[in-house]
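Structure below is my_file_13.pdb: PDB, N, CA and C atoms, pLDDT in the B column.
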```
ATOM      1  N   MET A 241       0.841  -1.195   0.000  1.00 87.00           N
ATOM      2  CA  MET A 241       0.000   0.000   0.000  1.00 87.00           C
ATOM      3  C   MET A 241       0.880   1.249   0.000  1.00 87.00           C
ATOM      4  N   ASP A 242       0.510   2.191  -0.837  1.00 94.00           N
ATOM      5  CA  ASP A 242       1.225   3.463  -0.922  1.00 94.00           C
ATOM      6  C   ASP A 242       0.699   4.382   0.181  1.00 94.00           C
ATOM      7  N   ARG A 243       1.603   4.942   0.979  1.00 97.00           N
ATOM      8  CA  ARG A 243       1.189   5.831   2.079  1.00 97.00           C
ATOM      9  C   ARG A 243       1.724   7.236   1.834  1.00 97.00           C
ATOM     10  N   GLN A 244       0.851   8.215   2.044  1.00 96.00           N
ATOM     11  CA  GLN A 244       1.247   9.612   1.877  1.00 96.00           C
ATOM     12  C   GLN A 244       0.679  10.428   3.030  1.00 96.00           C
ATOM     13  N   GLU A 245       1.395  11.494   3.362  1.00 97.00           N
ATOM     14  CA  GLU A 245       0.867  12.456   4.329  1.00 97.00           C
ATOM     15  C   GLU A 245       0.418  13.689   3.564  1.00 97.00           C
ATOM     16  N   VAL A 246      -0.726  14.219   3.941  1.00 97.00           N
ATOM     17  CA  VAL A 246      -1.249  15.424   3.313  1.00 97.00           C
ATOM     18  C   VAL A 246      -1.333  16.494   4.387  1.00 97.00           C
ATOM     19  N   LYS A 247      -0.538  17.533   4.236  1.00 97.00           N
ATOM     20  CA  LYS A 247      -0.494  18.620   5.224  1.00 97.00           C
ATOM     21  C   LYS A 247      -1.546  19.660   4.872  1.00 97.00           C
ATOM     22  N   ILE A 248      -2.376  19.981   5.847  1.00 96.00           N
ATOM     23  CA  ILE A 248      -3.370  21.037   5.635  1.00 96.00           C
ATOM     24  C   ILE A 248      -3.076  22.191   6.585  1.00 96.00           C
ATOM     25  N   SER A 249      -3.438  23.385   6.165  1.00 95.00           N
ATOM     26  CA  SER A 249      -3.171  24.565   6.992  1.00 95.00           C
ATOM     27  C   SER A 249      -4.467  25.134   7.571  1.00 95.00           C
ATOM     28  N   THR A 250      -5.568  24.421   7.359  1.00 96.00           N
ATOM     29  CA  THR A 250      -6.860  24.847   7.886  1.00 96.00           C
ATOM     30  C   THR A 250      -7.300  23.851   8.963  1.00 96.00           C
ATOM     31  N   GLU A 251      -8.410  24.133   9.610  1.00 97.00           N
ATOM     32  CA  GLU A 251      -8.902  23.256  10.679  1.00 97.00           C
ATOM     33  C   GLU A 251      -9.301  21.888  10.130  1.00 97.00           C
ATOM     34  N   PHE A 252      -9.877  21.876   8.920  1.00 98.00           N
ATOM     35  CA  PHE A 252     -10.320  20.626   8.309  1.00 98.00           C
ATOM     36  C   PHE A 252     -10.288  20.760   6.788  1.00 98.00           C
ATOM     37  N   ILE A 253     -10.431  19.620   6.103  1.00 98.00           N
ATOM     38  CA  ILE A 253     -10.577  19.603   4.647  1.00 98.00           C
ATOM     39  C   ILE A 253     -11.686  18.606   4.342  1.00 98.00           C
ATOM     40  N   LYS A 254     -12.510  18.910   3.351  1.00 97.00           N
ATOM     41  CA  LYS A 254     -13.599  17.996   3.002  1.00 97.00           C
ATOM     42  C   LYS A 254     -13.035  16.829   2.189  1.00 97.00           C
ATOM     43  N   LEU A 255     -13.682  15.683   2.324  1.00 98.00           N
ATOM     44  CA  LEU A 255     -13.200  14.447   1.725  1.00 98.00           C
ATOM     45  C   LEU A 255     -12.960  14.576   0.225  1.00 98.00           C
ATOM     46  N   ASP A 256     -13.937  15.092  -0.524  1.00 96.00           N
ATOM     47  CA  ASP A 256     -13.750  15.180  -1.974  1.00 96.00           C
ATOM     48  C   ASP A 256     -12.607  16.130  -2.333  1.00 96.00           C
ATOM     49  N   ALA A 257     -12.450  17.207  -1.566  1.00 96.00           N
ATOM     50  CA  ALA A 257     -11.358  18.152  -1.815  1.00 96.00           C
ATOM     51  C   ALA A 257     -10.002  17.512  -1.524  1.00 96.00           C
ATOM     52  N   LEU A 258      -9.944  16.679  -0.487  1.00 97.00           N
ATOM     53  CA  LEU A 258      -8.699  15.987  -0.144  1.00 97.00           C
ATOM     54  C   LEU A 258      -8.265  15.056  -1.272  1.00 97.00           C
ATOM     55  N   LEU A 259      -9.204  14.286  -1.806  1.00 97.00           N
ATOM     56  CA  LEU A 259      -8.871  13.342  -2.876  1.00 97.00           C
ATOM     57  C   LEU A 259      -8.311  14.070  -4.095  1.00 97.00           C
ATOM     58  N   LYS A 260      -8.903  15.194  -4.428  1.00 96.00           N
ATOM     59  CA  LYS A 260      -8.423  15.988  -5.566  1.00 96.00           C
ATOM     60  C   LYS A 260      -7.083  16.641  -5.234  1.00 96.00           C
ATOM     61  N   PHE A 261      -6.980  17.245  -4.057  1.00 95.00           N
ATOM     62  CA  PHE A 261      -5.761  17.938  -3.618  1.00 95.00           C
ATOM     63  C   PHE A 261      -4.556  16.995  -3.588  1.00 95.00           C
ATOM     64  N   ALA A 262      -4.788  15.755  -3.148  1.00 96.00           N
ATOM     65  CA  ALA A 262      -3.701  14.783  -3.034  1.00 96.00           C
ATOM     66  C   ALA A 262      -3.377  14.115  -4.368  1.00 96.00           C
ATOM     67  N   GLY A 263      -4.190  14.371  -5.387  1.00 96.00           N
ATOM     68  CA  GLY A 263      -3.929  13.812  -6.704  1.00 96.00           C
ATOM     69  C   GLY A 263      -4.454  12.403  -6.920  1.00 96.00           C
ATOM     70  N   LEU A 264      -5.301  11.909  -6.008  1.00 95.00           N
ATOM     71  CA  LEU A 264      -5.866  10.565  -6.197  1.00 95.00           C
ATOM     72  C   LEU A 264      -6.960  10.569  -7.249  1.00 95.00           C
ATOM     73  N   THR A 265      -7.606  11.714  -7.427  1.00 96.00           N
ATOM     74  CA  THR A 265      -8.567  11.880  -8.516  1.00 96.00           C
ATOM     75  C   THR A 265      -8.181  13.152  -9.259  1.00 96.00           C
ATOM     76  N   GLU A 266      -8.493  13.185 -10.540  1.00 95.00           N
ATOM     77  CA  GLU A 266      -8.117  14.352 -11.344  1.00 95.00           C
ATOM     78  C   GLU A 266      -9.100  15.497 -11.201  1.00 95.00           C
ATOM     79  N   THR A 267     -10.366  15.158 -10.942  1.00 94.00           N
ATOM     80  CA  THR A 267     -11.395  16.194 -10.862  1.00 94.00           C
ATOM     81  C   THR A 267     -12.261  15.997  -9.623  1.00 94.00           C
ATOM     82  N   GLY A 268     -12.976  17.036  -9.274  1.00 92.00           N
ATOM     83  CA  GLY A 268     -13.919  16.931  -8.166  1.00 92.00           C
ATOM     84  C   GLY A 268     -15.030  15.945  -8.481  1.00 92.00           C
ATOM     85  N   GLY A 269     -15.430  15.876  -9.746  1.00 95.00           N
ATOM     86  CA  GLY A 269     -16.479  14.942 -10.162  1.00 95.00           C
ATOM     87  C   GLY A 269     -16.028  13.503  -9.991  1.00 95.00           C
ATOM     88  N   GLU A 270     -14.767  13.244 -10.331  1.00 96.00           N
ATOM     89  CA  GLU A 270     -14.206  11.900 -10.166  1.00 96.00           C
ATOM     90  C   GLU A 270     -14.159  11.538  -8.680  1.00 96.00           C
ATOM     91  N   ALA A 271     -13.800  12.502  -7.838  1.00 96.00           N
ATOM     92  CA  ALA A 271     -13.766  12.277  -6.389  1.00 96.00           C
ATOM     93  C   ALA A 271     -15.170  11.952  -5.883  1.00 96.00           C
ATOM     94  N   LYS A 272     -16.160  12.712  -6.351  1.00 95.00           N
ATOM     95  CA  LYS A 272     -17.553  12.500  -5.951  1.00 95.00           C
ATOM     96  C   LYS A 272     -18.004  11.087  -6.325  1.00 95.00           C
ATOM     97  N   GLU A 273     -17.675  10.644  -7.546  1.00 96.00           N
ATOM     98  CA  GLU A 273     -18.073   9.311  -8.002  1.00 96.00           C
ATOM     99  C   GLU A 273     -17.430   8.214  -7.156  1.00 96.00           C
ATOM    100  N   ALA A 274     -16.139   8.373  -6.828  1.00 97.00           N
ATOM    101  CA  ALA A 274     -15.433   7.370  -6.026  1.00 97.00           C
ATOM    102  C   ALA A 274     -16.067   7.257  -4.638  1.00 97.00           C
ATOM    103  N   VAL A 275     -16.403   8.397  -4.045  1.00 97.00           N
ATOM    104  CA  VAL A 275     -17.008   8.409  -2.707  1.00 97.00           C
ATOM    105  C   VAL A 275     -18.401   7.769  -2.754  1.00 97.00           C
ATOM    106  N   GLN A 276     -19.211   8.188  -3.718  1.00 97.00           N
ATOM    107  CA  GLN A 276     -20.583   7.675  -3.800  1.00 97.00           C
ATOM    108  C   GLN A 276     -20.626   6.184  -4.141  1.00 97.00           C
ATOM    109  N   ALA A 277     -19.587   5.687  -4.824  1.00 97.00           N
ATOM    110  CA  ALA A 277     -19.526   4.270  -5.188  1.00 97.00           C
ATOM    111  C   ALA A 277     -19.049   3.400  -4.021  1.00 97.00           C
ATOM    112  N   GLY A 278     -18.688   4.032  -2.897  1.00 97.00           N
ATOM    113  CA  GLY A 278     -18.256   3.276  -1.723  1.00 97.00           C
ATOM    114  C   GLY A 278     -16.824   2.776  -1.816  1.00 97.00           C
ATOM    115  N   ARG A 279     -15.988   3.416  -2.652  1.00 97.00           N
ATOM    116  CA  ARG A 279     -14.597   2.993  -2.831  1.00 97.00           C
ATOM    117  C   ARG A 279     -13.654   3.654  -1.838  1.00 97.00           C
ATOM    118  N   VAL A 280     -14.167   4.590  -1.035  1.00 98.00           N
ATOM    119  CA  VAL A 280     -13.304   5.356  -0.130  1.00 98.00           C
ATOM    120  C   VAL A 280     -13.569   4.955   1.320  1.00 98.00           C
ATOM    121  N   LYS A 281     -12.488   4.739   2.063  1.00 98.00           N
ATOM    122  CA  LYS A 281     -12.604   4.458   3.491  1.00 98.00           C
ATOM    123  C   LYS A 281     -11.998   5.610   4.270  1.00 98.00           C
ATOM    124  N   VAL A 282     -12.656   5.966   5.368  1.00 98.00           N
ATOM    125  CA  VAL A 282     -12.148   6.978   6.297  1.00 98.00           C
ATOM    126  C   VAL A 282     -11.989   6.288   7.643  1.00 98.00           C
ATOM    127  N   ASN A 283     -10.764   6.267   8.148  1.00 98.00           N
ATOM    128  CA  ASN A 283     -10.463   5.596   9.416  1.00 98.00           C
ATOM    129  C   ASN A 283     -10.982   4.156   9.439  1.00 98.00           C
ATOM    130  N   GLY A 284     -10.814   3.462   8.294  1.00 98.00           N
ATOM    131  CA  GLY A 284     -11.166   2.055   8.216  1.00 98.00           C
ATOM    132  C   GLY A 284     -12.618   1.739   7.895  1.00 98.00           C
ATOM    133  N   GLN A 285     -13.459   2.762   7.799  1.00 98.00           N
ATOM    134  CA  GLN A 285     -14.886   2.562   7.512  1.00 98.00           C
ATOM    135  C   GLN A 285     -15.228   3.154   6.147  1.00 98.00           C
ATOM    136  N   VAL A 286     -16.035   2.443   5.362  1.00 98.00           N
ATOM    137  CA  VAL A 286     -16.484   2.985   4.080  1.00 98.00           C
ATOM    138  C   VAL A 286     -17.261   4.273   4.358  1.00 98.00           C
ATOM    139  N   CYS A 287     -16.946   5.316   3.588  1.00 98.00           N
ATOM    140  CA  CYS A 287     -17.607   6.617   3.783  1.00 98.00           C
ATOM    141  C   CYS A 287     -18.202   7.079   2.461  1.00 98.00           C
ATOM    142  N   THR A 288     -19.491   7.398   2.460  1.00 97.00           N
ATOM    143  CA  THR A 288     -20.137   7.871   1.240  1.00 97.00           C
ATOM    144  C   THR A 288     -20.530   9.347   1.342  1.00 97.00           C
ATOM    145  N   MET A 289     -20.019  10.041   2.351  1.00 97.00           N
ATOM    146  CA  MET A 289     -20.299  11.474   2.500  1.00 97.00           C
ATOM    147  C   MET A 289     -19.113  12.261   1.940  1.00 97.00           C
ATOM    148  N   ARG A 290     -19.286  12.817   0.737  1.00 93.00           N
ATOM    149  CA  ARG A 290     -18.142  13.489   0.111  1.00 93.00           C
ATOM    150  C   ARG A 290     -17.775  14.789   0.829  1.00 93.00           C
ATOM    151  N   GLY A 291     -18.688  15.336   1.600  1.00 96.00           N
ATOM    152  CA  GLY A 291     -18.417  16.566   2.331  1.00 96.00           C
ATOM    153  C   GLY A 291     -17.910  16.324   3.748  1.00 96.00           C
ATOM    154  N   LYS A 292     -17.597  15.071   4.070  1.00 97.00           N
ATOM    155  CA  LYS A 292     -17.125  14.747   5.426  1.00 97.00           C
ATOM    156  C   LYS A 292     -15.899  15.585   5.759  1.00 97.00           C
ATOM    157  N   LYS A 293     -15.899  16.179   6.932  1.00 98.00           N
ATOM    158  CA  LYS A 293     -14.779  17.020   7.361  1.00 98.00           C
ATOM    159  C   LYS A 293     -13.682  16.147   7.947  1.00 98.00           C
ATOM    160  N   LEU A 294     -12.495  16.253   7.379  1.00 98.00           N
ATOM    161  CA  LEU A 294     -11.345  15.486   7.847  1.00 98.00           C
ATOM    162  C   LEU A 294     -10.400  16.414   8.580  1.00 98.00           C
ATOM    163  N   ARG A 295      -9.898  15.934   9.698  1.00 98.00           N
ATOM    164  CA  ARG A 295      -8.987  16.721  10.524  1.00 98.00           C
ATOM    165  C   ARG A 295      -7.677  15.966  10.669  1.00 98.00           C
ATOM    166  N   PRO A 296      -6.620  16.644  11.120  1.00 98.00           N
ATOM    167  CA  PRO A 296      -5.340  15.945  11.303  1.00 98.00           C
ATOM    168  C   PRO A 296      -5.511  14.669  12.127  1.00 98.00           C
ATOM    169  N   GLY A 297      -4.894  13.598  11.640  1.00 98.00           N
ATOM    170  CA  GLY A 297      -4.998  12.297  12.288  1.00 98.00           C
ATOM    171  C   GLY A 297      -5.920  11.344  11.548  1.00 98.00           C
ATOM    172  N   ASP A 298      -6.820  11.891  10.714  1.00 98.00           N
ATOM    173  CA  ASP A 298      -7.721  11.035   9.942  1.00 98.00           C
ATOM    174  C   ASP A 298      -6.951  10.336   8.832  1.00 98.00           C
ATOM    175  N   VAL A 299      -7.357   9.103   8.527  1.00 98.00           N
ATOM    176  CA  VAL A 299      -6.706   8.298   7.484  1.00 98.00           C
ATOM    177  C   VAL A 299      -7.745   7.943   6.430  1.00 98.00           C
ATOM    178  N   VAL A 300      -7.412   8.221   5.162  1.00 98.00           N
ATOM    179  CA  VAL A 300      -8.309   7.964   4.038  1.00 98.00           C
ATOM    180  C   VAL A 300      -7.659   6.945   3.112  1.00 98.00           C
ATOM    181  N   GLU A 301      -8.439   5.982   2.637  1.00 98.00           N
ATOM    182  CA  GLU A 301      -7.925   4.972   1.703  1.00 98.00           C
ATOM    183  C   GLU A 301      -8.737   4.995   0.421  1.00 98.00           C
ATOM    184  N   LEU A 302      -8.027   4.899  -0.711  1.00 97.00           N
ATOM    185  CA  LEU A 302      -8.671   4.770  -2.021  1.00 97.00           C
ATOM    186  C   LEU A 302      -7.728   4.029  -2.944  1.00 97.00           C
ATOM    187  N   ASP A 303      -8.214   2.947  -3.526  1.00 95.00           N
ATOM    188  CA  ASP A 303      -7.461   2.196  -4.546  1.00 95.00           C
ATOM    189  C   ASP A 303      -6.013   1.898  -4.149  1.00 95.00           C
ATOM    190  N   GLY A 304      -5.821   1.403  -2.924  1.00 96.00           N
ATOM    191  CA  GLY A 304      -4.487   0.997  -2.508  1.00 96.00           C
ATOM    192  C   GLY A 304      -3.577   2.123  -2.037  1.00 96.00           C
ATOM    193  N   THR A 305      -4.107   3.334  -1.937  1.00 97.00           N
ATOM    194  CA  THR A 305      -3.322   4.456  -1.429  1.00 97.00           C
ATOM    195  C   THR A 305      -3.949   4.921  -0.120  1.00 97.00           C
ATOM    196  N   GLU A 306      -3.085   5.148   0.861  1.00 98.00           N
ATOM    197  CA  GLU A 306      -3.527   5.602   2.180  1.00 98.00           C
ATOM    198  C   GLU A 306      -3.017   7.013   2.412  1.00 98.00           C
ATOM    199  N   LEU A 307      -3.917   7.927   2.712  1.00 98.00           N
ATOM    200  CA  LEU A 307      -3.566   9.319   2.990  1.00 98.00           C
ATOM    201  C   LEU A 307      -3.783   9.589   4.467  1.00 98.00           C
ATOM    202  N   THR A 308      -2.799  10.187   5.106  1.00 98.00           N
ATOM    203  CA  THR A 308      -2.956  10.614   6.488  1.00 98.00           C
ATOM    204  C   THR A 308      -2.956  12.136   6.511  1.00 98.00           C
ATOM    205  N   VAL A 309      -3.999  12.708   7.101  1.00 98.00           N
ATOM    206  CA  VAL A 309      -4.097  14.170   7.192  1.00 98.00           C
ATOM    207  C   VAL A 309      -3.219  14.620   8.372  1.00 98.00           C
ATOM    208  N   VAL A 310      -2.322  15.566   8.109  1.00 97.00           N
ATOM    209  CA  VAL A 310      -1.455  16.109   9.170  1.00 97.00           C
ATOM    210  C   VAL A 310      -1.561  17.614   9.219  1.00 97.00           C
TER     211      VAL A 310
END
```
In C-alpha cells, how does this file's structure come out?
Amino acid sequence: MDRQEVKISTEFIKLDALLKFAGLTETGGEAKEAVQAGRVKVNGQVCTMRGKKLRPGDVVELDGTELTVV
C-alpha cells in the first residue's frame, strides 16, 4: 500500500477536496463518483459522505493508497 501524508493549513478539509488535492482523482467529479460508489474508506470505515470534514490524524484509503491528514 502506498502511504502519503497530506499537510493542511486549515482546521479541516472535506473528503472530496482531499482526494483531488492529493492527486488521487483528477477532478472533483471523479472524487464525488469514487465516494458515492463506496470505494473510499475513512479511518477504516467505508464513507459515502463526500463533504465529510477530515482533521489531522484522519486516514483515508482509495485504490491501494492511504492518505494521512497532518
Practice problem: Work out how far apart atom CA of A:Thr288 and atom CA of A:Thr250 are and give it in Å to one decimal. | Solution: 22.6 Å
Practice problem: Name the residues that the PyMOL selection byres ((chain A and resi 290-307) around 6) pulls out of this structure, and write them as number ranges by chain. | Solution: A: 241-246, 251-256, 275, 279-284, 288-289, 308-310
Exercise. Based on DSSP run over this structure's backbone, return all residues of chain A in alpha helix (DSSP H), as a PyMOL selection string.
Key: chain A and resi 255-261+268-276
Atoms kept (N, CA and C atoms) for selection, written as a short mmCIF file (atom, residue, chain, number, x, y, z; two decimals), keeping the file's coordinate frame:
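Produced file again-v6.cif, reproduced below:
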```
data_model
loop_
_atom_site.label_atom_id
_atom_site.label_comp_id
_atom_site.auth_asym_id
_atom_site.auth_seq_id
_atom_site.Cartn_x
_atom_site.Cartn_y
_atom_site.Cartn_z
N LEU A 255 -13.68 15.68 2.32
CA LEU A 255 -13.20 14.45 1.72
C LEU A 255 -12.96 14.58 0.22
N ASP A 256 -13.94 15.09 -0.52
CA ASP A 256 -13.75 15.18 -1.97
C ASP A 256 -12.61 16.13 -2.33
N ALA A 257 -12.45 17.21 -1.57
CA ALA A 257 -11.36 18.15 -1.82
C ALA A 257 -10.00 17.51 -1.52
N LEU A 258 -9.94 16.68 -0.49
CA LEU A 258 -8.70 15.99 -0.14
C LEU A 258 -8.26 15.06 -1.27
N LEU A 259 -9.20 14.29 -1.81
CA LEU A 259 -8.87 13.34 -2.88
C LEU A 259 -8.31 14.07 -4.10
N LYS A 260 -8.90 15.19 -4.43
CA LYS A 260 -8.42 15.99 -5.57
C LYS A 260 -7.08 16.64 -5.23
N PHE A 261 -6.98 17.24 -4.06
CA PHE A 261 -5.76 17.94 -3.62
C PHE A 261 -4.56 17.00 -3.59
N GLY A 268 -12.98 17.04 -9.27
CA GLY A 268 -13.92 16.93 -8.17
C GLY A 268 -15.03 15.94 -8.48
N GLY A 269 -15.43 15.88 -9.75
CA GLY A 269 -16.48 14.94 -10.16
C GLY A 269 -16.03 13.50 -9.99
N GLU A 270 -14.77 13.24 -10.33
CA GLU A 270 -14.21 11.90 -10.17
C GLU A 270 -14.16 11.54 -8.68
N ALA A 271 -13.80 12.50 -7.84
CA ALA A 271 -13.77 12.28 -6.39
C ALA A 271 -15.17 11.95 -5.88
N LYS A 272 -16.16 12.71 -6.35
CA LYS A 272 -17.55 12.50 -5.95
C LYS A 272 -18.00 11.09 -6.32
N GLU A 273 -17.68 10.64 -7.55
CA GLU A 273 -18.07 9.31 -8.00
C GLU A 273 -17.43 8.21 -7.16
N ALA A 274 -16.14 8.37 -6.83
CA ALA A 274 -15.43 7.37 -6.03
C ALA A 274 -16.07 7.26 -4.64
N VAL A 275 -16.40 8.40 -4.04
CA VAL A 275 -17.01 8.41 -2.71
C VAL A 275 -18.40 7.77 -2.75
N GLN A 276 -19.21 8.19 -3.72
CA GLN A 276 -20.58 7.68 -3.80
C GLN A 276 -20.63 6.18 -4.14
#
```
Exercise. Could you give me, as an MDAnalysis selection string, each residue of stretch 251-306 of chain A that DSSP assigns to strand (DSSP E) when run on this structure's backbone?
Key: chainID A and resid 253:254 280:282 285:286 293:294 299:302 305:306
Practice problem: Would you work out the distance separating atom CA of A:Gly263 from atom CA of A:Gln285, expressed in Å to one decimal? | Solution: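 About the pair atom CA of A:Gly263 and atom CA of A:Gln285: they are 21.2 Å apart.
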Exercise. One decimal, Å: what's the distance from atom CA of A:Thr267 over to atom CA of A:Ile248, could you say?
Key: 19.0 Å
